[in-house]
Amino acid sequence: MKPHPHSIEILEARIAPSVFVVTSLADPAEAGKVTLRDALLMADNNDGLDTITFKLPAPPPQGANIIKLTAGQLTSMGSVTIKGPGPSKLILDGNDASTILRIDDADPTTDGPATIGGLSFAHGKGSDGGGIFSRESLTLRSVVIAGNSATGDGGGLTVLGALTAGAAPIKASISNSLITGNSAESDGGGMALVNLSAISIKKSVITGNSAPDGAGGGFYARLTATGVGLAISGCTISGNAADRGGGMFVENDNLNPAAKSTLSSTKVTGNRSFGTGEGGGGIYLSRGHAIISGSTIRNNTAVFNGGGIEARNVASLTISKSIISGNQTTTQVPYSPSGSNYDVGGGGLLIKGTGSSIAPVKIIGSRFIENSSQQDGGGVLAQDGIALTISGSTFAGNHARSAGGGVAAQGVGAEEVDLTVTGGTFADNIGGGISAFGSGVMSITGAKVTGNIGIGISAGIGILGGSGSVTIKNSIVSGNIGSGIGLFGMPDFKIIGGAIKGNVSSFSGGGIFAYDANGSITGVTISGNVAARSGGGIENTGNGTSGIITVQIAKVRANIAPVDPNISGPPGSIIFV
């Protein structure tokens, strides 16, 4: 009954927050006791932010108290805090018959935030959110959500915001929790966090969840165009599986750089994506700005694309001080003359732009180790409008079946990929250290490119150009099997300083192989390289329209080949000045 409008005492009593104590494990009711269903109803009928606590019998030895639902899902209008005794002490059991808890005030223009701690949710089964479904902001602390399922989204948990005009912004915050063994037939095997303004996941474990026909095995997250971002820190995301985004799938509709998606101090390991279109074995990022820092992305698997990470149409991406290792794509796409197998690969990372603008991607102080691709880009494949900057990073032991064991950059025209490398090491990769194709601008400064094994155009650095330019400065290119540097159709290249030495080619051009390339070599030592045919040091050849290479203040000596051991090419194609 509503209070009389002039009754101040009654009104104050009504709006005062209350504490309701659950004293029964029964459902739905037990005479003389307060069940959880009772407490939730009392909280709904009392204004203010109410609290529900528990005073229950001691749990059995080596076990937990269980509230098994026999009357369908529990409901709450929100504006409540539920304080459980601990997830190992009290389990809410959905009896494999319904969602366990639904939180909804039925008004999208208001937000009734709910906080839940110290409980386990198990054996829930619903259309969306088998364990918990919430249309209100939700905070979970020290919660276990295990063994739930959904025929739609969010096997364990769904938090759903509205996109209608005037809708209240909805948030989700999860900390010190375990999300495990849940499944969804659509998106978000563990969790679906949809149309939210902010998401925070801290110090939690998301493992063994699945969405085999959808996105986000561990969780699916979508941020609204006016959201403030997603932050994941100190988490473990492992052993999850989905059609795409095996560990996690994130869509960020806000292009404001301040509303970024961040992953820090987190392990993403042993996840799988099954999709033969899009992949992302560990992580799938779509749109918006993203940062990965201090994290490990390891032993994740995709069929064709992005064994560790797949990022498509992002506004920007930065990976810093992270380890991306042992990730793989497992299947080679048959060759297609139409080029339908162009956009596959990226054992460690596949990054694709929109093709309408150049998106900045930075890799800083990170390690890409022993990733493999059955197509291009064992470590990284960048395509379709990307400005890729790599600084102080290591690419070692990666394997590409085609081009770019360490890094492959591919793009033409408006979809060009610009590549800037500063410092770092590219070593012992199969498929070459660095490979570039197209019309982008390429700059490599102070890098060590050593011990790589070539498949295709070169072993160390290979560039198949159009209208782009290449500058290689003060770098060491040594001990590669295949040409140290391969330049194909480059209208403008510069190699300045550094050394090209000890590379071995089974064809020609042990140190440098140039085909219809124009450029200059200045202050470089080219020595000890071996070619099986000609041009142990430099080979300049072509189809009758060979470019001209100008060599200045350089040392080209002690190279080995049956014919022209130091330099080889048509008369006038290599000029010393």
# chains A, B, ... in the order shown; residues from 1 in each chain; ligands from 1
$ residues_around --residues "range 302-304 of chain A" --least-positions-apart "4" --cutoff "9 Å" --atoms "only C-alpha atoms" --output "PyMOL selection string"
chain A and resi 244-246+271-282+308+327-333+344-347+373-375
$ residues_around --residues "Gly535 in chain A" --least-positions-apart "4" --cutoff "9 Å" --atoms "only C-alpha atoms" --output "PyMOL selection string"
chain A and resi 508-513+530-531+539-540+559-569
$ residues_around --residues "range 360-368 of chain A" --least-positions-apart "4" --cutoff "6 Å" --atoms "only C-alpha atoms" --output "PyMOL selection string"
chain A and resi 316-325+379+387-395
$ write_last_selection --atoms "N, CA and C atoms" --output "short mmCIF file (atom, residue, chain, number, x, y, z; two decimals), in the first residue's frame"
data_model
loop_
_atom_site.label_atom_id
_atom_site.label_comp_id
_atom_site.auth_asym_id
_atom_site.auth_seq_id
_atom_site.Cartn_x
_atom_site.Cartn_y
_atom_site.Cartn_z
N SER A 316 42.11 1.32 -34.05
CA SER A 316 43.53 1.23 -33.71
C SER A 316 43.74 0.02 -32.80
N LEU A 317 44.97 -0.45 -32.79
CA LEU A 317 45.36 -1.57 -31.92
C LEU A 317 46.79 -1.36 -31.47
N THR A 318 47.03 -1.51 -30.17
CA THR A 318 48.40 -1.48 -29.62
C THR A 318 48.63 -2.74 -28.81
N ILE A 319 49.74 -3.42 -29.10
CA ILE A 319 50.16 -4.59 -28.32
C ILE A 319 51.52 -4.25 -27.72
N SER A 320 51.61 -4.23 -26.40
CA SER A 320 52.86 -3.85 -25.76
C SER A 320 53.24 -4.84 -24.67
N LYS A 321 54.52 -5.11 -24.58
CA LYS A 321 55.11 -5.95 -23.52
C LYS A 321 54.32 -7.24 -23.33
N SER A 322 53.96 -7.86 -24.43
CA SER A 322 53.16 -9.08 -24.38
C SER A 322 53.86 -10.21 -25.11
N ILE A 323 53.43 -11.44 -24.82
CA ILE A 323 53.97 -12.63 -25.46
C ILE A 323 52.85 -13.29 -26.24
N ILE A 324 53.09 -13.48 -27.54
CA ILE A 324 52.14 -14.17 -28.41
C ILE A 324 52.90 -15.38 -28.94
N SER A 325 52.57 -16.57 -28.43
CA SER A 325 53.40 -17.74 -28.75
C SER A 325 52.58 -19.00 -28.94
N GLY A 379 53.82 -15.10 -37.80
CA GLY A 379 53.66 -14.26 -36.61
C GLY A 379 52.53 -13.29 -36.76
N ALA A 387 48.59 0.91 -40.86
CA ALA A 387 49.92 1.47 -40.64
C ALA A 387 50.52 0.71 -39.47
N LEU A 388 51.33 -0.30 -39.78
CA LEU A 388 51.87 -1.20 -38.77
C LEU A 388 53.25 -0.73 -38.34
N THR A 389 53.40 -0.44 -37.04
CA THR A 389 54.67 -0.02 -36.47
C THR A 389 55.12 -1.07 -35.46
N ILE A 390 56.33 -1.60 -35.66
CA ILE A 390 56.89 -2.61 -34.77
C ILE A 390 58.19 -2.06 -34.19
N SER A 391 58.27 -1.99 -32.87
CA SER A 391 59.48 -1.45 -32.25
C SER A 391 59.94 -2.33 -31.10
N GLY A 392 61.25 -2.60 -31.06
CA GLY A 392 61.85 -3.33 -29.95
C GLY A 392 61.23 -4.68 -29.69
N SER A 393 60.81 -5.37 -30.72
CA SER A 393 60.10 -6.64 -30.55
C SER A 393 60.87 -7.79 -31.18
N THR A 394 60.53 -9.01 -30.77
CA THR A 394 61.19 -10.21 -31.26
C THR A 394 60.19 -11.10 -31.96
N PHE A 395 60.55 -11.53 -33.17
CA PHE A 395 59.78 -12.51 -33.94
C PHE A 395 60.72 -13.68 -34.20
#
$ select_by_dssp --residues "range 45-258 of chain A" --states "strand (DSSP E)" --output "NGL selection string"
:A and (50-54 or 65-68 or 74-76 or 80-83 or 90-93 or 101-103 or 114-117 or 120-122 or 125-126 or 132-134 or 138-141 or 144-146 or 149-150 or 157-160 or 171-175 or 178-180 or 183-184 or 191-196 or 198-202 or 205-207 or 210-215 or 219-223 or 229-233 or 236-238 or 241-244 or 248-252)
$ residues_around --residues "Gly451 in chain A" --least-positions-apart "3" --cutoff "7 Å" --atoms "only C-alpha atoms" --output "NGL selection string"
:A and (427-428 or 478-481)
$ write_last_selection --atoms "C-alpha atoms" --output "PDB file, in the first residue's frame"
ATOM      1  CA  ALA A 427      65.205 -14.804 -36.285  1.00  0.00           C
ATOM      2  CA  ASP A 428      64.767 -18.444 -37.273  1.00  0.00           C
ATOM      3  CA  SER A 478      72.662 -12.409 -41.923  1.00  0.00           C
ATOM      4  CA  GLY A 479      72.671 -16.185 -42.028  1.00  0.00           C
ATOM      5  CA  ASN A 480      69.374 -16.510 -43.865  1.00  0.00           C
ATOM      6  CA  ILE A 481      68.749 -19.444 -46.195  1.00  0.00           C
TER       7      ILE A 481
END
$ closest_residue --among "A:Ala58, A:Ile103, A:Ile485, A:Ala221" --to "Leu40 in chain A" --atoms "only C-alpha atoms"
A:Ile103
$ residues_around --residues "range 68-84 of chain A" --least-positions-apart "2" --cutoff "8 Å" --atoms "only C-alpha atoms" --output "PyMOL selection string"
chain A and resi 25-28+37+40-41+43-44+48-54+66+86-87+90+92-95+97-106+112-119+136
